[in-house]
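Reproduced below: coords-v2.pdb, with PDB, C-alpha atoms and all ligand atoms.
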ATOM      1  CA  VAL U 202     -25.807  -2.560  24.324
ATOM      2  CA  LYS U 203     -24.919   1.116  24.472
ATOM      3  CA  ASP U 204     -24.947   3.373  21.487
ATOM      4  CA  LEU U 205     -21.583   5.093  21.654
ATOM      5  CA  VAL U 206     -19.695   6.118  18.549
ATOM      6  CA  TYR U 207     -16.215   7.524  18.165
ATOM      7  CA  LEU U 208     -15.781  10.919  16.550
ATOM      8  CA  ASN U 209     -12.470  12.775  16.401
ATOM      9  CA  GLY U 210     -11.137  11.853  19.807
ATOM     10  CA  ARG U 211     -14.374  11.397  21.764
ATOM     11  CA  PHE U 212     -16.785   8.556  22.483
ATOM     12  CA  ILE U 213     -20.291  10.030  22.383
ATOM     13  CA  PRO U 214     -23.899   8.856  21.864
ATOM     14  CA  SER U 215     -24.600   8.414  18.162
ATOM     15  CA  ALA U 216     -27.428  10.977  18.315
ATOM     16  CA  ASP U 217     -24.914  13.636  19.396
ATOM     17  CA  ALA U 218     -22.374  12.858  16.672
ATOM     18  CA  ARG U 219     -22.232  15.558  14.021
ATOM     19  CA  ILE U 220     -19.870  16.074  11.135
ATOM     20  CA  SER U 221     -19.691  19.044   8.825
ATOM     21  CA  ILE U 222     -21.766  19.114   5.651
ATOM     22  CA  PHE U 223     -18.478  20.189   4.026
ATOM     23  CA  ASP U 224     -16.737  16.953   4.981
ATOM     24  CA  ARG U 225     -14.973  15.535   1.924
ATOM     25  CA  GLY U 226     -16.143  12.060   2.817
ATOM     26  CA  PHE U 227     -19.696  13.274   2.291
ATOM     27  CA  LEU U 228     -18.973  15.571  -0.660
ATOM     28  CA  TYR U 229     -16.626  13.338  -2.653
ATOM     29  CA  GLY U 230     -16.368   9.923  -1.000
ATOM     30  CA  ASP U 231     -12.822  11.058  -0.223
ATOM     31  CA  GLY U 232     -11.815   8.646   2.514
ATOM     32  CA  VAL U 233     -10.978   5.084   3.440
ATOM     33  CA  PHE U 234     -12.512   2.611   5.853
ATOM     34  CA  GLU U 235     -12.509  -0.864   7.327
ATOM     35  CA  THR U 236     -15.351  -3.105   8.404
ATOM     36  CA  MET U 237     -14.409  -5.626  11.066
ATOM     37  CA  ARG U 238     -16.174  -8.389  12.957
ATOM     38  CA  ALA U 239     -15.875  -9.061  16.660
ATOM     39  CA  TYR U 240     -16.561 -12.539  17.960
ATOM     40  CA  ASP U 241     -17.029 -13.016  21.682
ATOM     41  CA  GLY U 242     -15.360  -9.709  22.503
ATOM     42  CA  ARG U 243     -12.369 -10.104  20.195
ATOM     43  CA  ILE U 244     -11.910  -8.332  16.862
ATOM     44  CA  PHE U 245     -10.993 -10.923  14.261
ATOM     45  CA  ARG U 246      -7.778 -10.124  12.354
ATOM     46  CA  LEU U 247      -7.635  -6.573  13.754
ATOM     47  CA  ASP U 248      -3.947  -6.145  12.825
ATOM     48  CA  GLU U 249      -4.607  -7.148   9.218
ATOM     49  CA  HIS U 250      -7.513  -4.688   8.996
ATOM     50  CA  MET U 251      -5.342  -1.890  10.397
ATOM     51  CA  GLU U 252      -2.541  -2.720   7.961
ATOM     52  CA  ARG U 253      -4.985  -2.512   5.072
ATOM     53  CA  LEU U 254      -6.391   0.767   6.432
ATOM     54  CA  ALA U 255      -2.881   2.222   6.589
ATOM     55  CA  ARG U 256      -2.177   1.012   3.043
ATOM     56  CA  SER U 257      -5.466   2.481   1.771
ATOM     57  CA  ALA U 258      -4.688   5.813   3.438
ATOM     58  CA  GLU U 259      -1.221   5.849   1.931
ATOM     59  CA  ILE U 260      -2.572   5.145  -1.550
ATOM     60  CA  ILE U 261      -4.782   8.240  -1.400
ATOM     61  CA  GLY U 262      -2.180  10.371   0.382
ATOM     62  CA  LEU U 263      -4.165  10.651   3.587
ATOM     63  CA  ASN U 264      -2.546  10.973   6.971
ATOM     64  CA  LEU U 265      -3.927   8.406   9.464
ATOM     65  CA  PRO U 266      -4.046  10.319  12.751
ATOM     66  CA  GLY U 267      -1.990   8.347  15.285
ATOM     67  CA  GLY U 268      -1.235   5.640  12.753
ATOM     68  CA  PRO U 269      -2.671   2.115  12.679
ATOM     69  CA  GLU U 270      -1.924   1.513  16.383
ATOM     70  CA  ARG U 271      -4.121   4.412  17.458
ATOM     71  CA  CYS U 272      -6.889   3.234  15.101
ATOM     72  CA  ALA U 273      -6.691  -0.292  16.539
ATOM     73  CA  ASP U 274      -7.004   1.177  20.000
ATOM     74  CA  ILE U 275     -10.114   3.129  18.982
ATOM     75  CA  CYS U 276     -11.707  -0.101  17.705
ATOM     76  CA  ARG U 277     -10.939  -2.045  20.888
ATOM     77  CA  GLN U 278     -12.184   0.780  23.115
ATOM     78  CA  LEU U 279     -15.346   1.186  21.073
ATOM     79  CA  LEU U 280     -16.206  -2.475  21.541
ATOM     80  CA  LEU U 281     -15.520  -2.344  25.282
ATOM     81  CA  ARG U 282     -17.390   0.891  25.903
ATOM     82  CA  ASN U 283     -20.430  -0.426  24.064
ATOM     83  CA  GLU U 284     -20.206  -3.703  25.996
ATOM     84  CA  ALA U 285     -20.556  -5.421  22.649
ATOM     85  CA  ARG U 286     -19.156  -8.934  22.190
ATOM     86  CA  ASP U 287     -20.487  -9.950  18.785
ATOM     87  CA  ALA U 288     -20.584  -6.998  16.455
ATOM     88  CA  LEU U 289     -19.632  -5.392  13.197
ATOM     89  CA  LEU U 290     -17.335  -2.402  13.627
ATOM     90  CA  ARG U 291     -16.583   0.232  11.078
ATOM     91  CA  LEU U 292     -13.788   2.765  11.242
ATOM     92  CA  SER U 293     -13.778   5.483   8.594
ATOM     93  CA  VAL U 294     -11.238   8.217   7.953
ATOM     94  CA  THR U 295     -12.045  11.063   5.581
ATOM     95  CA  ARG U 296      -9.916  13.913   4.308
ATOM     96  CA  GLY U 297     -11.860  16.251   6.569
ATOM     97  CA  GLU U 298     -13.591  19.492   5.710
ATOM     98  CA  ALA U 299     -13.235  20.880   2.206
ATOM     99  CA  ILE U 300     -11.754  24.328   2.372
ATOM    100  CA  GLY U 301     -12.119  25.171  -1.311
ATOM    101  CA  GLY U 302     -12.025  22.928  -4.345
ATOM    102  CA  ILE U 303     -10.920  19.346  -4.522
ATOM    103  CA  GLY U 304      -7.191  20.001  -4.272
ATOM    104  CA  ILE U 305      -5.646  18.190  -1.330
ATOM    105  CA  LYS U 306      -2.873  20.628  -0.500
ATOM    106  CA  ARG U 307      -5.066  22.731   1.725
ATOM    107  CA  ALA U 308      -7.105  19.817   3.107
ATOM    108  CA  ALA U 309      -8.129  20.080   6.731
ATOM    109  CA  GLU U 310      -7.551  17.578   9.547
ATOM    110  CA  PRO U 311      -8.903  14.113   8.754
ATOM    111  CA  THR U 312     -12.240  13.132  10.266
ATOM    112  CA  VAL U 313     -12.139   9.820  12.143
ATOM    113  CA  ILE U 314     -15.405   8.041  12.855
ATOM    114  CA  ALA U 315     -16.107   4.589  14.253
ATOM    115  CA  HIS U 316     -19.290   2.787  15.176
ATOM    116  CA  VAL U 317     -20.516  -0.692  16.045
ATOM    117  CA  ARG U 318     -23.687  -2.462  15.090
ATOM    118  CA  PRO U 319     -25.019  -5.946  15.635
ATOM    119  CA  PRO U 320     -23.848  -8.553  13.131
ATOM    120  CA  MET U 321     -26.416  -8.870  10.384
ATOM    121  CA  PRO U 322     -26.438 -12.541   9.518
ATOM    122  CA  LEU U 323     -28.318 -13.578   6.428
ATOM    123  CA  PRO U 324     -31.182 -15.984   7.016
ATOM    124  CA  ASP U 325     -30.024 -19.588   7.678
ATOM    125  CA  ASP U 326     -31.639 -20.522   4.435
ATOM    126  CA  ALA U 327     -29.030 -18.498   2.476
ATOM    127  CA  TYR U 328     -26.243 -20.598   4.014
ATOM    128  CA  ARG U 329     -28.149 -23.875   3.729
ATOM    129  CA  ASN U 330     -29.312 -23.493   0.140
ATOM    130  CA  GLY U 331     -26.982 -20.861  -1.266
ATOM    131  CA  VAL U 332     -27.794 -17.594  -2.991
ATOM    132  CA  ARG U 333     -28.018 -16.463  -6.578
ATOM    133  CA  ALA U 334     -25.374 -14.228  -8.144
ATOM    134  CA  LYS U 335     -25.583 -12.361 -11.419
ATOM    135  CA  ILE U 336     -22.733 -11.437 -13.707
ATOM    136  CA  VAL U 337     -23.449  -7.751 -14.201
ATOM    137  CA  SER U 338     -22.596  -5.416 -17.060
ATOM    138  CA  ILE U 339     -20.912  -2.837 -14.816
ATOM    139  CA  ARG U 340     -17.190  -3.522 -14.732
ATOM    140  CA  ARG U 341     -14.793  -2.968 -11.868
ATOM    141  CA  ILE U 342     -13.049   0.421 -12.125
ATOM    142  CA  PRO U 343      -9.686  -0.383 -13.761
ATOM    143  CA  SER U 344      -6.618  -0.444 -11.539
ATOM    144  CA  THR U 345      -5.082   2.238 -13.732
ATOM    145  CA  SER U 346      -7.862   4.571 -12.526
ATOM    146  CA  LEU U 347      -8.316   3.554  -8.880
ATOM    147  CA  ASN U 348      -6.133   1.068  -7.079
ATOM    148  CA  PRO U 349      -8.530  -1.791  -6.204
ATOM    149  CA  HIS U 350      -6.330  -2.846  -3.279
ATOM    150  CA  MET U 351      -7.560   0.076  -1.202
ATOM    151  CA  LYS U 352     -10.871   0.101   0.601
ATOM    152  CA  SER U 353     -12.159   3.524  -0.304
ATOM    153  CA  MET U 354     -15.412   5.208   0.669
ATOM    154  CA  ASN U 355     -16.048   5.897  -2.995
ATOM    155  CA  PHE U 356     -18.581   3.133  -3.524
ATOM    156  CA  LEU U 357     -20.732   4.052  -6.520
ATOM    157  CA  ASN U 358     -19.120   1.438  -8.758
ATOM    158  CA  GLN U 359     -20.159  -1.329  -6.367
ATOM    159  CA  ILE U 360     -23.521   0.202  -5.454
ATOM    160  CA  LEU U 361     -24.570   0.300  -9.099
ATOM    161  CA  ALA U 362     -23.315  -3.234  -9.662
ATOM    162  CA  ARG U 363     -25.309  -4.492  -6.665
ATOM    163  CA  ALA U 364     -28.393  -2.610  -7.884
ATOM    164  CA  GLU U 365     -28.126  -4.326 -11.258
ATOM    165  CA  ALA U 366     -28.045  -7.723  -9.530
ATOM    166  CA  GLU U 367     -30.925  -6.847  -7.215
ATOM    167  CA  ALA U 368     -33.032  -5.703 -10.150
ATOM    168  CA  CYS U 369     -32.788  -9.321 -11.363
ATOM    169  CA  CYS U 370     -33.566 -10.726  -7.892
ATOM    170  CA  ALA U 371     -29.988 -11.898  -7.400
ATOM    171  CA  TYR U 372     -28.283 -11.507  -4.038
ATOM    172  CA  ASP U 373     -25.034 -10.105  -5.412
ATOM    173  CA  SER U 374     -23.254  -9.099  -8.569
ATOM    174  CA  ILE U 375     -20.205 -10.820  -9.989
ATOM    175  CA  MET U 376     -18.136  -8.048 -11.562
ATOM    176  CA  LEU U 377     -15.659  -8.489 -14.384
ATOM    177  CA  ASN U 378     -12.564  -6.364 -14.789
ATOM    178  CA  GLN U 379     -11.773  -4.344 -17.916
ATOM    179  CA  ALA U 380     -10.180  -7.416 -19.523
ATOM    180  CA  GLY U 381     -13.446  -9.332 -19.095
ATOM    181  CA  LEU U 382     -12.041 -11.601 -16.371
ATOM    182  CA  ILE U 383     -13.862 -12.359 -13.128
ATOM    183  CA  ALA U 384     -12.849  -9.919 -10.397
ATOM    184  CA  GLU U 385     -15.125  -9.994  -7.338
ATOM    185  CA  THR U 386     -18.638  -9.074  -6.243
ATOM    186  CA  SER U 387     -19.826  -5.683  -5.011
ATOM    187  CA  THR U 388     -18.620  -6.394  -1.462
ATOM    188  CA  ALA U 389     -17.002  -9.831  -1.443
ATOM    189  CA  ASN U 390     -14.325 -11.967  -3.033
ATOM    190  CA  VAL U 391     -15.303 -15.035  -5.001
ATOM    191  CA  PHE U 392     -14.045 -18.633  -4.962
ATOM    192  CA  PHE U 393     -14.846 -21.525  -7.298
ATOM    193  CA  ALA U 394     -14.119 -25.220  -6.922
ATOM    194  CA  ARG U 395     -13.777 -28.151  -9.241
ATOM    195  CA  ASP U 396     -12.392 -31.652  -8.688
ATOM    196  CA  ARG U 397     -11.455 -30.813  -5.100
ATOM    197  CA  MET U 398      -9.400 -27.784  -6.151
ATOM    198  CA  LEU U 399     -10.225 -24.176  -5.302
ATOM    199  CA  SER U 400      -9.738 -21.309  -7.757
ATOM    200  CA  THR U 401      -9.960 -17.628  -6.994
ATOM    201  CA  PRO U 402      -9.030 -14.545  -9.044
ATOM    202  CA  SER U 403      -5.413 -13.523  -8.468
ATOM    203  CA  PRO U 404      -4.511 -10.144  -6.914
ATOM    204  CA  ASP U 405      -3.817  -8.663 -10.370
ATOM    205  CA  CYS U 406      -7.442  -9.246 -11.466
ATOM    206  CA  ASP U 407      -8.537  -5.893  -9.954
ATOM    207  CA  ILE U 408      -9.768  -7.228  -6.636
ATOM    208  CA  LEU U 409      -9.696  -5.969  -3.080
ATOM    209  CA  LEU U 410      -7.339  -8.224  -1.142
ATOM    210  CA  GLY U 411     -10.003  -9.458   1.227
ATOM    211  CA  ILE U 412      -8.987 -10.486   4.709
ATOM    212  CA  THR U 413     -11.532 -13.308   4.647
ATOM    213  CA  ARG U 414     -10.090 -14.375   1.283
ATOM    214  CA  ALA U 415      -6.602 -14.532   2.821
ATOM    215  CA  THR U 416      -7.988 -16.514   5.774
ATOM    216  CA  VAL U 417      -9.669 -19.013   3.444
ATOM    217  CA  LEU U 418      -6.409 -19.426   1.507
ATOM    218  CA  GLU U 419      -4.649 -20.138   4.814
ATOM    219  CA  LEU U 420      -7.306 -22.616   5.928
ATOM    220  CA  ALA U 421      -7.194 -24.377   2.561
ATOM    221  CA  ALA U 422      -3.414 -24.757   2.830
ATOM    222  CA  LYS U 423      -3.730 -26.027   6.400
ATOM    223  CA  THR U 424      -6.397 -28.600   5.580
ATOM    224  CA  GLY U 425      -4.666 -29.830   2.434
ATOM    225  CA  ILE U 426      -7.093 -28.334  -0.085
ATOM    226  CA  ARG U 427      -5.291 -27.282  -3.250
ATOM    227  CA  CYS U 428      -5.963 -23.723  -4.309
ATOM    228  CA  GLU U 429      -4.913 -21.676  -7.302
ATOM    229  CA  GLU U 430      -5.010 -17.899  -7.676
ATOM    230  CA  ARG U 431      -5.336 -17.132 -11.365
ATOM    231  CA  ALA U 432      -7.232 -15.299 -14.084
ATOM    232  CA  ILE U 433     -10.719 -16.832 -14.384
ATOM    233  CA  LYS U 434     -12.890 -16.312 -17.463
ATOM    234  CA  PRO U 435     -16.673 -16.138 -17.183
ATOM    235  CA  SER U 436     -16.860 -18.884 -19.830
ATOM    236  CA  GLU U 437     -15.317 -21.294 -17.304
ATOM    237  CA  ILE U 438     -18.141 -20.934 -14.812
ATOM    238  CA  GLY U 439     -20.205 -23.792 -16.201
ATOM    239  CA  ALA U 440     -17.371 -26.223 -15.457
ATOM    240  CA  PHE U 441     -17.134 -25.372 -11.750
ATOM    241  CA  GLN U 442     -18.905 -27.530  -9.184
ATOM    242  CA  GLU U 443     -18.909 -24.969  -6.382
ATOM    243  CA  CYS U 444     -18.904 -21.241  -5.878
ATOM    244  CA  PHE U 445     -18.843 -19.204  -2.683
ATOM    245  CA  LEU U 446     -18.293 -15.609  -1.607
ATOM    246  CA  THR U 447     -16.115 -14.350   1.227
ATOM    247  CA  SER U 448     -16.262 -11.189   3.300
ATOM    248  CA  THR U 449     -15.965 -10.116   6.908
ATOM    249  CA  GLY U 450     -19.717  -9.693   7.279
ATOM    250  CA  ILE U 451     -21.014 -12.799   5.475
ATOM    251  CA  GLU U 452     -17.998 -15.038   6.223
ATOM    252  CA  LEU U 453     -18.346 -17.755   3.553
ATOM    253  CA  LEU U 454     -21.614 -17.780   1.623
ATOM    254  CA  PRO U 455     -22.451 -20.445  -0.965
ATOM    255  CA  VAL U 456     -23.620 -19.415  -4.426
ATOM    256  CA  THR U 457     -25.806 -22.082  -5.991
ATOM    257  CA  ARG U 458     -27.077 -20.173  -9.032
ATOM    258  CA  ILE U 459     -25.166 -17.878 -11.356
ATOM    259  CA  ASN U 460     -27.407 -16.016 -13.780
ATOM    260  CA  ASP U 461     -29.939 -18.700 -14.731
ATOM    261  CA  SER U 462     -27.735 -21.754 -14.248
ATOM    262  CA  GLU U 463     -27.307 -23.938 -11.226
ATOM    263  CA  VAL U 464     -23.868 -24.449  -9.761
ATOM    264  CA  GLY U 465     -23.147 -27.925  -8.369
ATOM    265  CA  GLY U 466     -26.701 -29.150  -8.702
ATOM    266  CA  GLY U 467     -28.032 -26.169  -6.764
ATOM    267  CA  VAL U 468     -26.708 -27.154  -3.331
ATOM    268  CA  PRO U 469     -23.636 -25.974  -1.375
ATOM    269  CA  GLY U 470     -20.618 -28.190  -2.018
ATOM    270  CA  PRO U 471     -18.249 -30.147   0.248
ATOM    271  CA  LEU U 472     -15.295 -27.723   0.049
ATOM    272  CA  TYR U 473     -17.564 -24.862   1.047
ATOM    273  CA  GLU U 474     -18.905 -26.858   4.008
ATOM    274  CA  ARG U 475     -15.427 -27.844   5.180
ATOM    275  CA  LEU U 476     -13.949 -24.395   4.852
ATOM    276  CA  HIS U 477     -16.853 -22.586   6.476
ATOM    277  CA  SER U 478     -16.766 -24.856   9.509
ATOM    278  CA  ALA U 479     -12.976 -24.416   9.710
ATOM    279  CA  TYR U 480     -13.525 -20.651   9.520
ATOM    280  CA  ARG U 481     -16.127 -20.756  12.319
ATOM    281  CA  GLU U 482     -13.752 -22.759  14.477
ATOM    282  CA  LEU U 483     -10.963 -20.265  13.850
ATOM    283  CA  VAL U 484     -13.006 -17.157  14.685
ATOM    284  CA  MET U 485     -14.193 -18.763  17.929
ATOM    285  CA  ALA U 486     -10.757 -20.097  18.917
TER     286      ALA U 486
HETATM  287  C1  LIG U 501     -15.063  -4.884  -3.134
HETATM  288  C2  LIG U 501     -14.837  -5.800  -1.985
HETATM  289  N1  LIG U 501     -14.227  -6.980  -2.183
HETATM  290  C3  LIG U 501     -14.009  -7.839  -1.170
HETATM  291  C4  LIG U 501     -14.392  -7.557   0.125
HETATM  292  C5  LIG U 501     -14.129  -8.542   1.242
HETATM  293  O1  LIG U 501     -13.095  -8.105   2.083
HETATM  294  P1  LIG U 501     -12.933  -8.628   3.571
HETATM  295  O2  LIG U 501     -12.868 -10.125   3.500
HETATM  296  O3  LIG U 501     -11.655  -8.041   4.020
HETATM  297  O4  LIG U 501     -14.115  -8.180   4.343
HETATM  298  C6  LIG U 501     -14.999  -6.330   0.397
HETATM  299  C7  LIG U 501     -15.384  -6.018   1.783
HETATM  300  O5  LIG U 501     -16.195  -5.253   2.095
HETATM  301  C8  LIG U 501     -15.229  -5.421  -0.675
HETATM  302  O6  LIG U 501     -15.820  -4.234  -0.472
END

Please render this file's structure as structure tokens.
Ligand SMILES: Cc1ncc(COP(=O)(O)O)c(C=O)c1O
Amino acid sequence: VKDLVYLNGRFIPSADARISIFDRGFLYGDGVFETMRAYDGRIFRLDEHMERLARSAEIIGLNLPGGPERCADICRQLLLRNEARDALLRLSVTRGEAIGGIGIKRAAEPTVIAHVRPPMPLPDDAYRNGVRAKIVSIRRIPSTSLNPHMKSMNFLNQILARAEAEACCAYDSIMLNQAGLIAETSTANVFFARDRMLSTPSPDCDILLGITRATVLELAAKTGIRCEERAIKPSEIGAFQECFLTSTGIELLPVTRINDSEVGGGVPGPLYERLHSAYRELVMA
């Protein structure tokens, strides 16, 4: 595997890639990004990722150089030039160099960066036995402050939430929104199941509209699994028999402990198993 990255129009070795210390992505987290997964040389749901990137850029008033089509092309080329078949790809767009102050009127040209790295699967054990999640005290930034539907580079909210979970030896943090309802984890959406029915927080619960989440909803509909998108209270957790997380990188990951309680007897449940194998089939199709 080669080590080429994309930077502002050129594919170059990562060691040669340099961006300005005045870049607003670095100074303020002022940018948007996508993380994608390639399976056997094909980027899964590339169009959906590019649509979300364009939406994120629009929300922060950032011009996507060349639009989503150009960005998709960069991703495909990056994969080919690195001769990578199974990989994680990230494309980031920042508001470029700061010229003076945070005002965006005089912002420079956006910086566009993309790189690939090998997929980083969790140990088999995490998928076989499930992981532990902790409901953390840090709440999701309210949608009235930052639109949660964009994937921004401003990640401190999630980093601190994850740190709180890790400090308690949990794999990830379940974050509540300002209303005290379940939103998502630091980097994944969350699903629950009970009596053969799936439940996941609805889009108005301050969540990122995950592409894996949408895929799971599709697969559930296709395989006849009922699924509701609704407000979920933390007090309901004890009544669920299954819980799993979804994201591009981890796919579907079972959660078998939340705080100090077991979910579903501490083993991954049947809906998780069915949906994850359907997901694997789909990404390989
Ligand atoms: C906050 C948050 N929620 C959910 C997700 C999952 O989104 P996707 O399935 O599109 O990877 C991510 C992805 O990184 C995320 O950062």

Using atom CA of U:Ala218 and atom CA of U:Asp204 as the two end points, give the distance in Å to one decimal.
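Value for the atom CA of U:Ala218-atom CA of U:Asp204 distance: 10.9 Å.
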
Identify, on the basis of all atoms listed in the file, every residue whose closest approach to stretch 320-327 of chain U does not exceed 8 Å; exclude the query and any residue fewer than 5 positions from it along the same chain; express the result as an MDAnalysis selection string.
chainID U and resid 238 287:289 332 450:451 454:455

Restricting the calculation to only C-alpha atoms and all ligand atoms: of U:Phe227, U:Tyr207, U:Phe356, U:Tyr480, which residue gets closest to ligand LIG 501 (chain U)?
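Ranked by minimum distance to ligand LIG 501 (chain U), first place goes to U:Phe356.
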
Gap from atom CA of U:Ala334 to atom CA of U:Ala422 - Å, one decimal
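Separation between atom CA of U:Ala334 and atom CA of U:Ala422: 26.7 Å.
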
Using only C-alpha atoms and all ligand atoms, determine which residues fall within 8 Å of ligand LIG 501 (chain U), then list them as number ranges by chain.
U: 235-237, 250, 349, 352, 359, 385-390, 408-415, 447-450, 452

Can you write out as CSV which residues of stretch 348-429 of chain U fall within 12 Å of stretch 219-226 of chain U, alongside each residue's closest atom pair and its distance in Å to one decimal, counting only C-alpha atoms and ordering rows by chain and ascending residue number?
residue,atom,partner,partner_atom,distance
U:Ser353,CA,U:Gly226,CA,9.9
U:Met354,CA,U:Gly226,CA,7.2
U:Asn355,CA,U:Gly226,CA,8.5
U:Phe356,CA,U:Gly226,CA,11.2

Which polymer residues, whether protein, DNA or RNA, lie within 6 Å of the coordinate (-16.4, -25.7, -4.2) when you count all atoms listed in the file? List them as a VMD selection string, using the chain letters and numbers from the file.
chain U and resid 393 to 394 442 to 444 470 472 to 473

Can I get stretch 354-365 of chain U with N, CA, C and O atoms filled in, as a PDB file, in the coordinates of the input?
ATOM      1  N   MET U 354     -14.010   4.901   0.401  1.00  0.00           N
ATOM      2  CA  MET U 354     -15.412   5.208   0.669  1.00  0.00           C
ATOM      3  C   MET U 354     -16.173   5.544  -0.608  1.00  0.00           C
ATOM      4  O   MET U 354     -17.381   5.764  -0.563  1.00  0.00           O
ATOM      5  N   ASN U 355     -15.449   5.564  -1.715  1.00  0.00           N
ATOM      6  CA  ASN U 355     -16.048   5.897  -2.995  1.00  0.00           C
ATOM      7  C   ASN U 355     -16.681   4.627  -3.569  1.00  0.00           C
ATOM      8  O   ASN U 355     -16.012   3.826  -4.191  1.00  0.00           O
ATOM      9  N   PHE U 356     -17.979   4.450  -3.327  1.00  0.00           N
ATOM     10  CA  PHE U 356     -18.581   3.133  -3.524  1.00  0.00           C
ATOM     11  C   PHE U 356     -19.572   3.026  -4.673  1.00  0.00           C
ATOM     12  O   PHE U 356     -20.255   2.019  -4.813  1.00  0.00           O
ATOM     13  N   LEU U 357     -19.674   4.083  -5.499  1.00  0.00           N
ATOM     14  CA  LEU U 357     -20.732   4.052  -6.520  1.00  0.00           C
ATOM     15  C   LEU U 357     -20.575   2.895  -7.493  1.00  0.00           C
ATOM     16  O   LEU U 357     -21.564   2.288  -7.912  1.00  0.00           O
ATOM     17  N   ASN U 358     -19.350   2.548  -7.826  1.00  0.00           N
ATOM     18  CA  ASN U 358     -19.120   1.438  -8.758  1.00  0.00           C
ATOM     19  C   ASN U 358     -19.806   0.163  -8.231  1.00  0.00           C
ATOM     20  O   ASN U 358     -20.563  -0.513  -8.945  1.00  0.00           O
ATOM     21  N   GLN U 359     -19.585  -0.114  -6.956  1.00  0.00           N
ATOM     22  CA  GLN U 359     -20.159  -1.329  -6.367  1.00  0.00           C
ATOM     23  C   GLN U 359     -21.657  -1.204  -6.090  1.00  0.00           C
ATOM     24  O   GLN U 359     -22.401  -2.170  -6.225  1.00  0.00           O
ATOM     25  N   ILE U 360     -22.088   0.007  -5.727  1.00  0.00           N
ATOM     26  CA  ILE U 360     -23.521   0.202  -5.454  1.00  0.00           C
ATOM     27  C   ILE U 360     -24.333  -0.048  -6.725  1.00  0.00           C
ATOM     28  O   ILE U 360     -25.358  -0.724  -6.714  1.00  0.00           O
ATOM     29  N   LEU U 361     -23.831   0.476  -7.852  1.00  0.00           N
ATOM     30  CA  LEU U 361     -24.570   0.300  -9.099  1.00  0.00           C
ATOM     31  C   LEU U 361     -24.526  -1.150  -9.571  1.00  0.00           C
ATOM     32  O   LEU U 361     -25.488  -1.658 -10.143  1.00  0.00           O
ATOM     33  N   ALA U 362     -23.413  -1.819  -9.307  1.00  0.00           N
ATOM     34  CA  ALA U 362     -23.315  -3.234  -9.662  1.00  0.00           C
ATOM     35  C   ALA U 362     -24.315  -4.044  -8.842  1.00  0.00           C
ATOM     36  O   ALA U 362     -25.047  -4.887  -9.369  1.00  0.00           O
ATOM     37  N   ARG U 363     -24.374  -3.767  -7.535  1.00  0.00           N
ATOM     38  CA  ARG U 363     -25.309  -4.492  -6.665  1.00  0.00           C
ATOM     39  C   ARG U 363     -26.750  -4.219  -7.097  1.00  0.00           C
ATOM     40  O   ARG U 363     -27.589  -5.122  -7.127  1.00  0.00           O
ATOM     41  N   ALA U 364     -27.034  -2.964  -7.464  1.00  0.00           N
ATOM     42  CA  ALA U 364     -28.393  -2.610  -7.884  1.00  0.00           C
ATOM     43  C   ALA U 364     -28.790  -3.400  -9.131  1.00  0.00           C
ATOM     44  O   ALA U 364     -29.933  -3.851  -9.259  1.00  0.00           O
ATOM     45  N   GLU U 365     -27.830  -3.568 -10.033  1.00  0.00           N
ATOM     46  CA  GLU U 365     -28.126  -4.326 -11.258  1.00  0.00           C
ATOM     47  C   GLU U 365     -28.472  -5.776 -10.914  1.00  0.00           C
ATOM     48  O   GLU U 365     -29.383  -6.370 -11.499  1.00  0.00           O
TER      49      GLU U 365
END
